[in-house]
Amino acid sequence: MVRRFYRDSLVYVLPAALSSGMAFFLFPLYAHRFTPQEYGYLDLLLLTGTLIGFTVALEVYQAVGRYVTGEADEELRKSYASTGLLITAATYSIFFCVFELFAGPLTHVLLGAGAPTDLLRVATVWMCVQGLLSFTQSQLRWQLRAGPFATASAVNAIGTAGAAALFVFVFNLEVEGALLGQLAGSALGLLYVAFATRGTFAVRFHMDRCRELLRYSIPLVPSGMGVFLNLYADRLVIQHARSVGDVGIYGVGYRLAAIISLLLVGFQGAATPLILSGKDDPAIPGDIARIMRVFWALALSSFVVLSLLATPMLRLLAAPAYQSASRVVPFLVIASLFAGMYFFAPGLVIAKKTVTMAKLTALSGVANLALAILLVPPFGIVGAGIATAATSLLWFAALMRASQREYRVPHQWPRLLAALGVVVVFVGVSLLMLPADRSRALEPGLLAVRMALVAVGAALSVGLSLSEGDLGQGPARLAALVRGVGRRRQAA
């Protein structure tokens with residue numbers, strides 16, 4: 001499994017790298033072309049799309065994954081997948097009608113007075129297409145088809161970037177053009193996935209399967225809301241306590257911190273289906289622990305790089321109005337990491353205790369909202385970053401504790417926590433020593449100092465996180481497990 005895990009991780013990372021590359025192609029262009037208020041509009045609509053993805057389709061895709069992964073009966077797999085697709089299509093149809101009917105008042109609530117209603121109308125169509133793409137593309141993950149999954153992501157990324165550049169910079173459609181680009185990319189991705197998953201779905205609805213799927217997935221909706229509040233309550237509070245322009249500045253900091261998603265997406269994409277397929281193998285918990293230590297080393301190294309180089313990167317990538325976003329990048333990297341590390345705590349998913357997961361996530365989301373309300377008025381966007389980082393870390397700790405009771409993994413917590421503490425202190429002290437002003441961001445001497453500190457921080461991250469043999473142990477054992485899973489499927 002580990003050999004396949006690392007291979008599939010690379011496959012999942014490649015389209016994510018392409019997607020991030022396309023996003024980075026657009027990011028500086030947007031950050032120079034859009035005012036902070038316009039960037040705030042875009043960020044809030046993308047944020048709304050995330051919320052819709054967590055709620056409207058009732059997280060049915062996760063339930064389908066739980067029931068079809070490792071299932072040998074092809075007809076049963078098709079039955080679950082087809083029923084899930086029809087549920088998803090029905091829920092998005094209802095969502096589309098409601099948002100189109102009430103586009104005016106919803107625009108006022110989401111974006112504030114004076115915002116163009118057409119922005120929400122375009123975004124609504126994109127959200128529906130993206131929802132169908134997310135569901136159908138997830139079937140490729142459950143089938144362990146990393147290659148087609150990666151291709152779909154690449155089609156989406158290239159289509160989005162190309163269309164957005166055309167609409168914004170050729171047709172001068174500004175924020176509406178950026179949203180049309182999102183729609184075009186999602187539509188192209190959906191067309192490809194429809195071809196790649198032919199034979200996976202049928203026009204078939206089973207009430208018994210529907211009940212099973214909804215029984216599993218509905219408790220995940222509050223969990224998804226909690227995830228949403230964990231990640232995005234900060235921007236909602238900034239919008240109401242500060243301004244849409246501050247949301248735009250914060251969003252630029254988030255885009256820079258989101259580079260860490262390259263690391264997360266590879267591990268997430270490869271780990272979940274393989275862990276579920278081999279959950280009964282007694283060697284898997286030890287292998288998960290080894291993989292997590294490697295991830296921890298890479299994650300802390302990425303935290304060092306993004307935190308210490310945020311100031312010069314924003315000097316190059318964004319207009320002067322966005323330079324203060326560098327202050328929130330370290331907090332948002334930490335928040336993104338812990339919010340995305342849930343796959344290292346698989347116990348509740350394996351035990352099908354989605355209600356427990358929902359409670360933990362919902363409580364964490366409410367805590368993030370409360371903390372943001374407390375910290376944003378006095379500290380601005382930095383307060384929002386602190387709130388999001390703190391609650392993401394606490395959520396992961398609570399999730400891991402609950403998971404260990406159901407499916408124990410021998411993580412080396414003293415080593416991992418010591419590495420985290422040392423690296424965070426190192427980054428904090430380094431940032432206090434380095435100037436954050438834009439005028440000195442690209443001075444050669446200061447850049448050399450930053451790079452030296454990055455090298456030291458990365459060395460600390462790797463040295464403190466890894467045990468001897470973490471990079472070498474396990475591939476043969478886990479590869480044998482994957483071959484065994486494949487033989488069982490062929491025999492079925």
# chains A, B, ... in the order shown; residues from 1 in each chain; ligands from 1
>>> residues_around(residues="region 223-237 of chain A", least_positions_apart="5", cutoff="6 Å", atoms="only C-alpha atoms", output="PDB file with N, CA, C and O atoms, in the first residue's frame")
ATOM      1  N   PHE A  54     -20.634  21.754   0.767  1.00  0.00           N
ATOM      2  CA  PHE A  54     -20.715  21.011   2.020  1.00  0.00           C
ATOM      3  C   PHE A  54     -22.150  20.642   2.398  1.00  0.00           C
ATOM      4  O   PHE A  54     -22.358  19.719   3.184  1.00  0.00           O
ATOM      5  N   VAL A 247     -11.663  41.703   3.443  1.00  0.00           N
ATOM      6  CA  VAL A 247     -11.840  40.314   3.018  1.00  0.00           C
ATOM      7  C   VAL A 247     -10.938  40.019   1.823  1.00  0.00           C
ATOM      8  O   VAL A 247     -10.326  38.951   1.741  1.00  0.00           O
ATOM      9  N   ALA A 358     -19.592  14.684  13.350  1.00  0.00           N
ATOM     10  CA  ALA A 358     -20.357  15.909  13.121  1.00  0.00           C
ATOM     11  C   ALA A 358     -20.360  16.792  14.357  1.00  0.00           C
ATOM     12  O   ALA A 358     -20.221  18.018  14.263  1.00  0.00           O
ATOM     13  N   THR A 361     -16.907  18.508  14.796  1.00  0.00           N
ATOM     14  CA  THR A 361     -16.646  19.528  13.792  1.00  0.00           C
ATOM     15  C   THR A 361     -17.549  20.733  13.967  1.00  0.00           C
ATOM     16  O   THR A 361     -17.108  21.883  13.824  1.00  0.00           O
ATOM     17  N   ALA A 362     -18.825  20.490  14.272  1.00  0.00           N
ATOM     18  CA  ALA A 362     -19.751  21.602  14.467  1.00  0.00           C
ATOM     19  C   ALA A 362     -19.345  22.453  15.669  1.00  0.00           C
ATOM     20  O   ALA A 362     -19.354  23.688  15.608  1.00  0.00           O
ATOM     21  N   GLY A 365     -16.403  24.531  14.692  1.00  0.00           N
ATOM     22  CA  GLY A 365     -16.781  25.645  13.833  1.00  0.00           C
ATOM     23  C   GLY A 365     -17.407  26.788  14.601  1.00  0.00           C
ATOM     24  O   GLY A 365     -17.108  27.960  14.363  1.00  0.00           O
ATOM     25  N   ASN A 368     -14.720  28.616  16.387  1.00  0.00           N
ATOM     26  CA  ASN A 368     -13.968  29.510  15.504  1.00  0.00           C
ATOM     27  C   ASN A 368     -14.736  30.801  15.255  1.00  0.00           C
ATOM     28  O   ASN A 368     -14.157  31.897  15.252  1.00  0.00           O
ATOM     29  N   LEU A 369     -16.053  30.677  15.043  1.00  0.00           N
ATOM     30  CA  LEU A 369     -16.879  31.861  14.842  1.00  0.00           C
ATOM     31  C   LEU A 369     -16.822  32.774  16.072  1.00  0.00           C
ATOM     32  O   LEU A 369     -16.634  33.995  15.956  1.00  0.00           O
ATOM     33  N   ALA A 372     -13.377  34.372  16.393  1.00  0.00           N
ATOM     34  CA  ALA A 372     -13.196  35.420  15.392  1.00  0.00           C
ATOM     35  C   ALA A 372     -13.955  36.689  15.784  1.00  0.00           C
ATOM     36  O   ALA A 372     -13.442  37.807  15.638  1.00  0.00           O
ATOM     37  N   ALA A 384      -8.331  37.243  12.937  1.00  0.00           N
ATOM     38  CA  ALA A 384      -9.039  36.190  12.216  1.00  0.00           C
ATOM     39  C   ALA A 384      -8.118  35.000  11.956  1.00  0.00           C
ATOM     40  O   ALA A 384      -8.531  33.841  12.084  1.00  0.00           O
TER      41      ALA A 384
END
>>> atom_distance(atom1="CA of Val252 (chain A)", atom2="CA of Leu308 (chain A)")
16.3 Å
>>> closest_residue(among="A:Gly84, A:Gly445, A:Pro148, A:Pro219", to="Phe205 (chain A)", atoms="only C-alpha atoms")
A:Gly84
>>> residues_around(residues="Ala196 (chain A)", least_positions_apart="4", cutoff="12 Å", atoms="only C-alpha atoms", output="ChimeraX atom specification")
/A:133,136-140,143,145-152,189-192,200-201
>>> write_last_selection(atoms="N, CA, C and O atoms", output="PDB file, in the first residue's frame")
ATOM      1  N   LEU A 133     -19.762  17.781 -10.803  1.00  0.00           N
ATOM      2  CA  LEU A 133     -18.395  17.347 -11.091  1.00  0.00           C
ATOM      3  C   LEU A 133     -17.760  16.702  -9.856  1.00  0.00           C
ATOM      4  O   LEU A 133     -17.130  15.643  -9.949  1.00  0.00           O
ATOM      5  N   THR A 136     -19.279  13.098  -9.338  1.00  0.00           N
ATOM      6  CA  THR A 136     -18.886  12.100 -10.336  1.00  0.00           C
ATOM      7  C   THR A 136     -17.383  11.851 -10.317  1.00  0.00           C
ATOM      8  O   THR A 136     -16.929  10.709 -10.452  1.00  0.00           O
ATOM      9  N   GLN A 137     -16.594  12.910 -10.104  1.00  0.00           N
ATOM     10  CA  GLN A 137     -15.145  12.720 -10.058  1.00  0.00           C
ATOM     11  C   GLN A 137     -14.730  11.895  -8.843  1.00  0.00           C
ATOM     12  O   GLN A 137     -13.761  11.133  -8.903  1.00  0.00           O
ATOM     13  N   SER A 138     -15.460  12.015  -7.732  1.00  0.00           N
ATOM     14  CA  SER A 138     -15.112  11.241  -6.544  1.00  0.00           C
ATOM     15  C   SER A 138     -15.220   9.744  -6.796  1.00  0.00           C
ATOM     16  O   SER A 138     -14.519   8.946  -6.155  1.00  0.00           O
ATOM     17  N   GLN A 139     -16.066   9.343  -7.747  1.00  0.00           N
ATOM     18  CA  GLN A 139     -16.174   7.912  -8.043  1.00  0.00           C
ATOM     19  C   GLN A 139     -14.857   7.353  -8.575  1.00  0.00           C
ATOM     20  O   GLN A 139     -14.547   6.180  -8.366  1.00  0.00           O
ATOM     21  N   LEU A 140     -14.090   8.194  -9.260  1.00  0.00           N
ATOM     22  CA  LEU A 140     -12.783   7.752  -9.743  1.00  0.00           C
ATOM     23  C   LEU A 140     -11.833   7.476  -8.574  1.00  0.00           C
ATOM     24  O   LEU A 140     -11.022   6.558  -8.627  1.00  0.00           O
ATOM     25  N   GLN A 143     -12.770   4.154  -7.000  1.00  0.00           N
ATOM     26  CA  GLN A 143     -12.348   3.053  -7.869  1.00  0.00           C
ATOM     27  C   GLN A 143     -10.822   2.929  -7.956  1.00  0.00           C
ATOM     28  O   GLN A 143     -10.317   2.096  -8.698  1.00  0.00           O
ATOM     29  N   ARG A 145      -8.788   4.935  -9.331  1.00  0.00           N
ATOM     30  CA  ARG A 145      -8.349   5.323 -10.679  1.00  0.00           C
ATOM     31  C   ARG A 145      -7.722   6.713 -10.595  1.00  0.00           C
ATOM     32  O   ARG A 145      -8.312   7.723 -10.996  1.00  0.00           O
ATOM     33  N   ALA A 146      -6.517   6.741 -10.063  1.00  0.00           N
ATOM     34  CA  ALA A 146      -5.849   8.019  -9.826  1.00  0.00           C
ATOM     35  C   ALA A 146      -5.568   8.767 -11.128  1.00  0.00           C
ATOM     36  O   ALA A 146      -5.639  10.001 -11.168  1.00  0.00           O
ATOM     37  N   GLY A 147      -5.246   8.033 -12.196  1.00  0.00           N
ATOM     38  CA  GLY A 147      -4.915   8.691 -13.464  1.00  0.00           C
ATOM     39  C   GLY A 147      -6.071   9.494 -14.037  1.00  0.00           C
ATOM     40  O   GLY A 147      -5.927  10.699 -14.311  1.00  0.00           O
ATOM     41  N   PRO A 148      -7.249   8.877 -14.258  1.00  0.00           N
ATOM     42  CA  PRO A 148      -8.388   9.658 -14.750  1.00  0.00           C
ATOM     43  C   PRO A 148      -8.812  10.770 -13.800  1.00  0.00           C
ATOM     44  O   PRO A 148      -9.231  11.846 -14.242  1.00  0.00           O
ATOM     45  N   PHE A 149      -8.719  10.520 -12.488  1.00  0.00           N
ATOM     46  CA  PHE A 149      -9.039  11.579 -11.531  1.00  0.00           C
ATOM     47  C   PHE A 149      -8.127  12.779 -11.747  1.00  0.00           C
ATOM     48  O   PHE A 149      -8.573  13.929 -11.769  1.00  0.00           O
ATOM     49  N   ALA A 150      -6.834  12.499 -11.920  1.00  0.00           N
ATOM     50  CA  ALA A 150      -5.874  13.572 -12.129  1.00  0.00           C
ATOM     51  C   ALA A 150      -6.143  14.303 -13.441  1.00  0.00           C
ATOM     52  O   ALA A 150      -6.042  15.532 -13.515  1.00  0.00           O
ATOM     53  N   THR A 151      -6.508  13.556 -14.473  1.00  0.00           N
ATOM     54  CA  THR A 151      -6.798  14.179 -15.760  1.00  0.00           C
ATOM     55  C   THR A 151      -7.995  15.120 -15.650  1.00  0.00           C
ATOM     56  O   THR A 151      -7.986  16.230 -16.195  1.00  0.00           O
ATOM     57  N   ALA A 152      -9.035  14.676 -14.935  1.00  0.00           N
ATOM     58  CA  ALA A 152     -10.206  15.529 -14.746  1.00  0.00           C
ATOM     59  C   ALA A 152      -9.840  16.820 -14.035  1.00  0.00           C
ATOM     60  O   ALA A 152     -10.312  17.908 -14.400  1.00  0.00           O
ATOM     61  N   GLY A 189     -14.486  19.858 -17.140  1.00  0.00           N
ATOM     62  CA  GLY A 189     -14.157  18.726 -16.277  1.00  0.00           C
ATOM     63  C   GLY A 189     -15.297  17.729 -16.203  1.00  0.00           C
ATOM     64  O   GLY A 189     -15.084  16.510 -16.230  1.00  0.00           O
ATOM     65  N   LEU A 190     -16.532  18.224 -16.116  1.00  0.00           N
ATOM     66  CA  LEU A 190     -17.700  17.340 -16.037  1.00  0.00           C
ATOM     67  C   LEU A 190     -17.862  16.527 -17.321  1.00  0.00           C
ATOM     68  O   LEU A 190     -18.205  15.334 -17.275  1.00  0.00           O
ATOM     69  N   LEU A 191     -17.618  17.144 -18.469  1.00  0.00           N
ATOM     70  CA  LEU A 191     -17.707  16.411 -19.730  1.00  0.00           C
ATOM     71  C   LEU A 191     -16.694  15.272 -19.765  1.00  0.00           C
ATOM     72  O   LEU A 191     -17.011  14.146 -20.182  1.00  0.00           O
ATOM     73  N   TYR A 192     -15.462  15.549 -19.317  1.00  0.00           N
ATOM     74  CA  TYR A 192     -14.449  14.491 -19.311  1.00  0.00           C
ATOM     75  C   TYR A 192     -14.837  13.369 -18.348  1.00  0.00           C
ATOM     76  O   TYR A 192     -14.729  12.177 -18.681  1.00  0.00           O
ATOM     77  N   THR A 200     -20.289   3.396 -14.920  1.00  0.00           N
ATOM     78  CA  THR A 200     -20.350   3.480 -13.458  1.00  0.00           C
ATOM     79  C   THR A 200     -21.769   3.766 -12.987  1.00  0.00           C
ATOM     80  O   THR A 200     -22.183   3.302 -11.924  1.00  0.00           O
ATOM     81  N   PHE A 201     -22.507   4.545 -13.767  1.00  0.00           N
ATOM     82  CA  PHE A 201     -23.842   4.979 -13.372  1.00  0.00           C
ATOM     83  C   PHE A 201     -24.896   4.408 -14.322  1.00  0.00           C
ATOM     84  O   PHE A 201     -24.602   4.034 -15.462  1.00  0.00           O
TER      85      PHE A 201
END
>>> atom_distance(atom1="CA of Thr88 (chain A)", atom2="CA of Asn156 (chain A)")
19.8 Å
>>> closest_atom_pairs(of="region 225-267 of chain A", to="region 329-348 of chain A", cutoff="8 Å", atoms="only C-alpha atoms", output="JSON lines")
{"residue": "A:Val227", "atom": "CA", "partner": "A:Ala339", "partner_atom": "CA", "distance": 7.5}
{"residue": "A:Asn230", "atom": "CA", "partner": "A:Ala339", "partner_atom": "CA", "distance": 7.8}
{"residue": "A:Leu231", "atom": "CA", "partner": "A:Ala335", "partner_atom": "CA", "distance": 7.4}
{"residue": "A:Gly253", "atom": "CA", "partner": "A:Val329", "partner_atom": "CA", "distance": 5.4}
{"residue": "A:Tyr254", "atom": "CA", "partner": "A:Leu332", "partner_atom": "CA", "distance": 6.3}
{"residue": "A:Leu256", "atom": "CA", "partner": "A:Val329", "partner_atom": "CA", "distance": 7.0}
{"residue": "A:Ala257", "atom": "CA", "partner": "A:Val333", "partner_atom": "CA", "distance": 5.0}
{"residue": "A:Ala258", "atom": "CA", "partner": "A:Val333", "partner_atom": "CA", "distance": 7.1}
{"residue": "A:Ile260", "atom": "CA", "partner": "A:Val333", "partner_atom": "CA", "distance": 6.8}
{"residue": "A:Ser261", "atom": "CA", "partner": "A:Ser336", "partner_atom": "CA", "distance": 7.6}
{"residue": "A:Leu264", "atom": "CA", "partner": "A:Gly340", "partner_atom": "CA", "distance": 6.5}
>>> closest_residue(among="A:Ala389, A:Leu46, A:Val122, A:Val355", to="Leu371 (chain A)", atoms="only C-alpha atoms")
A:Ala389
>>> atom_distance(atom1="CA of Leu214 (chain A)", atom2="CA of Trp142 (chain A)")
18.1 Å
>>> closest_residue(among="A:Ile238, A:Ala157, A:Ala310, A:Leu42", to="Gly383 (chain A)", atoms="only C-alpha atoms")
A:Ile238
>>> closest_residue(among="A:Pro320, A:Gly131, A:Pro377, A:Gly248", to="Ile52 (chain A)", atoms="only C-alpha atoms")
A:Gly131
>>> closest_atom_pairs(of="region 147-249 of chain A", to="region 58-74 of chain A", cutoff="6 Å", atoms="only C-alpha atoms", output="Markdown table")
| residue | atom | partner | partner_atom | distance |
| --- | --- | --- | --- | --- |
| A:Leu213 | CA | A:Ala63 | CA | 5.3 |
| A:Tyr216 | CA | A:Ala63 | CA | 5.8 |
| A:Ser217 | CA | A:Glu59 | CA | 5.4 |
| A:Ile218 | CA | A:Leu58 | CA | 5.7 |
| A:Val221 | CA | A:Leu58 | CA | 5.8 |
>>> residues_around(residues="Ser186 (chain A)", least_positions_apart="2", cutoff="12 Å", atoms="only C-alpha atoms", output="PyMOL selection string")
chain A and resi 123+125-134+136-137+152-161+163-164+179-184+188-193
>>> residues_around(residues="region 24-41 of chain A", least_positions_apart="6", cutoff="6 Å", atoms="only C-alpha atoms", output="list of chain:residue names")
A:Val244, A:Gly245, A:Val247, A:Gly248, A:Leu317, A:Ala318, A:Ala319
>>> write_last_selection(atoms="all heavy atoms", output="PDB file, in the first residue's frame")
ATOM      1  N   VAL A 244     -15.483  44.641   3.021  1.00  0.00           N
ATOM      2  CA  VAL A 244     -15.252  43.683   1.942  1.00  0.00           C
ATOM      3  C   VAL A 244     -13.814  43.807   1.441  1.00  0.00           C
ATOM      4  O   VAL A 244     -13.190  42.819   1.031  1.00  0.00           O
ATOM      5  CB  VAL A 244     -16.258  43.904   0.795  1.00  0.00           C
ATOM      6  CG1 VAL A 244     -15.933  42.996  -0.389  1.00  0.00           C
ATOM      7  CG2 VAL A 244     -17.678  43.638   1.278  1.00  0.00           C
ATOM      8  N   GLY A 245     -13.254  45.033   1.473  1.00  0.00           N
ATOM      9  CA  GLY A 245     -11.855  45.219   1.074  1.00  0.00           C
ATOM     10  C   GLY A 245     -10.900  44.435   1.954  1.00  0.00           C
ATOM     11  O   GLY A 245      -9.931  43.841   1.463  1.00  0.00           O
ATOM     12  N   VAL A 247     -11.663  41.703   3.443  1.00  0.00           N
ATOM     13  CA  VAL A 247     -11.840  40.314   3.018  1.00  0.00           C
ATOM     14  C   VAL A 247     -10.938  40.019   1.823  1.00  0.00           C
ATOM     15  O   VAL A 247     -10.326  38.951   1.741  1.00  0.00           O
ATOM     16  CB  VAL A 247     -13.320  40.032   2.653  1.00  0.00           C
ATOM     17  CG1 VAL A 247     -13.469  38.631   2.059  1.00  0.00           C
ATOM     18  CG2 VAL A 247     -14.204  40.172   3.876  1.00  0.00           C
ATOM     19  N   GLY A 248     -10.846  40.978   0.895  1.00  0.00           N
ATOM     20  CA  GLY A 248      -9.983  40.789  -0.262  1.00  0.00           C
ATOM     21  C   GLY A 248      -8.522  40.643   0.126  1.00  0.00           C
ATOM     22  O   GLY A 248      -7.812  39.779  -0.398  1.00  0.00           O
ATOM     23  N   LEU A 317       3.959  39.402  -6.292  1.00  0.00           N
ATOM     24  CA  LEU A 317       2.726  38.870  -6.845  1.00  0.00           C
ATOM     25  C   LEU A 317       1.515  39.791  -6.729  1.00  0.00           C
ATOM     26  O   LEU A 317       0.521  39.574  -7.429  1.00  0.00           O
ATOM     27  CB  LEU A 317       2.386  37.533  -6.154  1.00  0.00           C
ATOM     28  CG  LEU A 317       3.385  36.393  -6.371  1.00  0.00           C
ATOM     29  CD1 LEU A 317       3.014  35.201  -5.497  1.00  0.00           C
ATOM     30  CD2 LEU A 317       3.428  35.986  -7.839  1.00  0.00           C
ATOM     31  N   ALA A 318       1.555  40.760  -5.832  1.00  0.00           N
ATOM     32  CA  ALA A 318       0.349  41.544  -5.564  1.00  0.00           C
ATOM     33  C   ALA A 318       0.638  43.036  -5.564  1.00  0.00           C
ATOM     34  O   ALA A 318       1.787  43.470  -5.382  1.00  0.00           O
ATOM     35  CB  ALA A 318      -0.254  41.120  -4.221  1.00  0.00           C
ATOM     36  N   ALA A 319      -0.413  43.807  -5.743  1.00  0.00           N
ATOM     37  CA  ALA A 319      -0.317  45.264  -5.685  1.00  0.00           C
ATOM     38  C   ALA A 319      -0.037  45.710  -4.242  1.00  0.00           C
ATOM     39  O   ALA A 319      -0.259  44.956  -3.289  1.00  0.00           O
ATOM     40  CB  ALA A 319      -1.611  45.883  -6.190  1.00  0.00           C
TER      41      ALA A 319
END
>>> select_by_dssp(residues="region 46-172 of chain A", states="alpha helix (DSSP H)", output="ChimeraX atom specification")
/A:46-55,60-68,74-101,103-111,117-142,146-165
>>> closest_residue(among="A:Leu442, A:Tyr250, A:Leu431, A:Leu144", to="Ala321 (chain A)", atoms="only C-alpha atoms")
A:Tyr250
